[in-house]
Amino acid sequence: MSIDKPQFSDRIELENNIVSQINHLETEERSQRIRVKNRRKRYLDTHPEYFDPSLELADPLLYDRLVRRFQSPAEREAEGRQKGFSGVLEADITRSEAKLDALAHPNPKSMFNYRRGPNGEILEEEQDEVPQDKEQGLEWWRFEMGMRFIRGDDEDFDYKIVDESEEFDDPEEDRERQEAYFEDEEPAWASDGEGEREITGQTGIQDF
């Protein structure tokens, strides 16, 4: 009993279907990554308390150079009361340990490094552009911590409460994304014959 070999056109159609399915999966995965990052960004927008003083422990050296350097004695005292004695002590210890580590292992990509002074003290050496005032320093700090959060690098945060929650979706963006998807999936017989349309939209955050 002989088995007919598949026609060349059938093989081409099968290969095209496989490629189409792969592209569809890749599009879905990319869309999900963008959705997650948008949800994280929207969480930060609606929860400014995320940037409270305890976040200093995420990067004590960066906080020291971007925020703490511009604080007045009264502002440091007020922040200390907010942290409590144990919080202040933890921040001081963590900052000191981070400086020693930076002294032993300089990071050429950092905006500042450390060196020993003539009396053994640890001195900062600015390597790059630094903020000029309190407002700019706080803005840079919030940006750096915001990007850290969006990347998923906050190991103390339960990202599931954000990533899996539709609460942080933007209905307008979802509508545009769905319209773009269905236009992309439009069958050939529905084409007006005037060529493909370019579909564009804004997702709020680039897929990086």
# chains A, B, ... in the order shown; residues from 1 in each chain; ligands from 1

$ residues_around --residues "Lys37 of chain A" --least-positions-apart "3" --cutoff "7 Å" --atoms "only C-alpha atoms" --output "MDAnalysis selection string"
chainID A and resid 33:34 40:41 150 205

$ closest_residue --among "A:Lys160, A:Arg142, A:Arg81, A:Arg151" --to "Leu55 of chain A" --atoms "only C-alpha atoms"
A:Arg142

$ select_by_dssp --residues "segment 36-73 of chain A" --states "alpha helix (DSSP H)" --output "list of chain:residue names"
A:Val36, A:Lys37, A:Asn38, A:Arg39, A:Arg40, A:Lys41, A:Arg42, A:Tyr43, A:Leu44, A:Asp45, A:Thr46, A:Pro60, A:Leu61, A:Leu62, A:Tyr63, A:Asp64, A:Arg65, A:Leu66, A:Pro73

$ write_last_selection --atoms "N, CA and C atoms" --output "PDB file, in the first residue's frame"
ATOM      1  N   VAL A  36       2.524  43.898  31.890  1.00  0.00           N
ATOM      2  CA  VAL A  36       3.057  43.805  33.254  1.00  0.00           C
ATOM      3  C   VAL A  36       3.793  45.086  33.632  1.00  0.00           C
ATOM      4  N   LYS A  37       4.627  45.576  32.734  1.00  0.00           N
ATOM      5  CA  LYS A  37       5.384  46.795  33.038  1.00  0.00           C
ATOM      6  C   LYS A  37       4.472  48.006  33.167  1.00  0.00           C
ATOM      7  N   ASN A  38       3.425  48.054  32.358  1.00  0.00           N
ATOM      8  CA  ASN A  38       2.463  49.140  32.484  1.00  0.00           C
ATOM      9  C   ASN A  38       1.726  49.062  33.814  1.00  0.00           C
ATOM     10  N   ARG A  39       1.395  47.861  34.243  1.00  0.00           N
ATOM     11  CA  ARG A  39       0.736  47.712  35.546  1.00  0.00           C
ATOM     12  C   ARG A  39       1.643  48.158  36.679  1.00  0.00           C
ATOM     13  N   ARG A  40       2.915  47.829  36.584  1.00  0.00           N
ATOM     14  CA  ARG A  40       3.853  48.258  37.624  1.00  0.00           C
ATOM     15  C   ARG A  40       4.004  49.774  37.635  1.00  0.00           C
ATOM     16  N   LYS A  41       4.070  50.352  36.442  1.00  0.00           N
ATOM     17  CA  LYS A  41       4.174  51.811  36.361  1.00  0.00           C
ATOM     18  C   LYS A  41       2.930  52.467  36.960  1.00  0.00           C
ATOM     19  N   ARG A  42       1.763  51.928  36.659  1.00  0.00           N
ATOM     20  CA  ARG A  42       0.522  52.507  37.178  1.00  0.00           C
ATOM     21  C   ARG A  42       0.416  52.308  38.690  1.00  0.00           C
ATOM     22  N   TYR A  43       0.956  51.213  39.175  1.00  0.00           N
ATOM     23  CA  TYR A  43       0.980  51.010  40.632  1.00  0.00           C
ATOM     24  C   TYR A  43       1.778  52.126  41.309  1.00  0.00           C
ATOM     25  N   LEU A  44       2.938  52.439  40.760  1.00  0.00           N
ATOM     26  CA  LEU A  44       3.755  53.510  41.335  1.00  0.00           C
ATOM     27  C   LEU A  44       3.024  54.849  41.268  1.00  0.00           C
ATOM     28  N   ASP A  45       2.317  55.078  40.170  1.00  0.00           N
ATOM     29  CA  ASP A  45       1.590  56.341  40.017  1.00  0.00           C
ATOM     30  C   ASP A  45       0.498  56.494  41.060  1.00  0.00           C
ATOM     31  N   THR A  46      -0.091  55.378  41.464  1.00  0.00           N
ATOM     32  CA  THR A  46      -1.215  55.428  42.404  1.00  0.00           C
ATOM     33  C   THR A  46      -0.799  55.101  43.839  1.00  0.00           C
ATOM     34  N   PRO A  60      21.549  52.527  49.627  1.00  0.00           N
ATOM     35  CA  PRO A  60      21.875  53.594  50.582  1.00  0.00           C
ATOM     36  C   PRO A  60      22.865  54.622  50.063  1.00  0.00           C
ATOM     37  N   LEU A  61      23.797  54.219  49.204  1.00  0.00           N
ATOM     38  CA  LEU A  61      24.768  55.170  48.673  1.00  0.00           C
ATOM     39  C   LEU A  61      24.108  56.141  47.688  1.00  0.00           C
ATOM     40  N   LEU A  62      23.252  55.610  46.847  1.00  0.00           N
ATOM     41  CA  LEU A  62      22.560  56.461  45.889  1.00  0.00           C
ATOM     42  C   LEU A  62      21.644  57.441  46.626  1.00  0.00           C
ATOM     43  N   TYR A  63      20.972  56.956  47.636  1.00  0.00           N
ATOM     44  CA  TYR A  63      20.094  57.829  48.428  1.00  0.00           C
ATOM     45  C   TYR A  63      20.915  58.912  49.125  1.00  0.00           C
ATOM     46  N   ASP A  64      22.067  58.526  49.614  1.00  0.00           N
ATOM     47  CA  ASP A  64      22.933  59.472  50.311  1.00  0.00           C
ATOM     48  C   ASP A  64      23.363  60.607  49.391  1.00  0.00           C
ATOM     49  N   ARG A  65      23.667  60.285  48.136  1.00  0.00           N
ATOM     50  CA  ARG A  65      24.192  61.290  47.206  1.00  0.00           C
ATOM     51  C   ARG A  65      23.093  62.073  46.496  1.00  0.00           C
ATOM     52  N   LEU A  66      21.911  61.462  46.320  1.00  0.00           N
ATOM     53  CA  LEU A  66      20.839  62.144  45.594  1.00  0.00           C
ATOM     54  C   LEU A  66      19.849  62.862  46.506  1.00  0.00           C
ATOM     55  N   PRO A  73      19.322  69.778  58.613  1.00  0.00           N
ATOM     56  CA  PRO A  73      19.287  69.043  59.891  1.00  0.00           C
ATOM     57  C   PRO A  73      17.862  68.772  60.356  1.00  0.00           C
TER      58      PRO A  73
END

$ atom_distance --atom1 "atom CA of Phe51 of chain A" --atom2 "atom CA of Gly146 of chain A"
8.7 Å

$ closest_residue --among "A:Arg30, A:Lys83, A:Arg148, A:His105" --to "Ser54 of chain A" --atoms "only C-alpha atoms"
A:Lys83
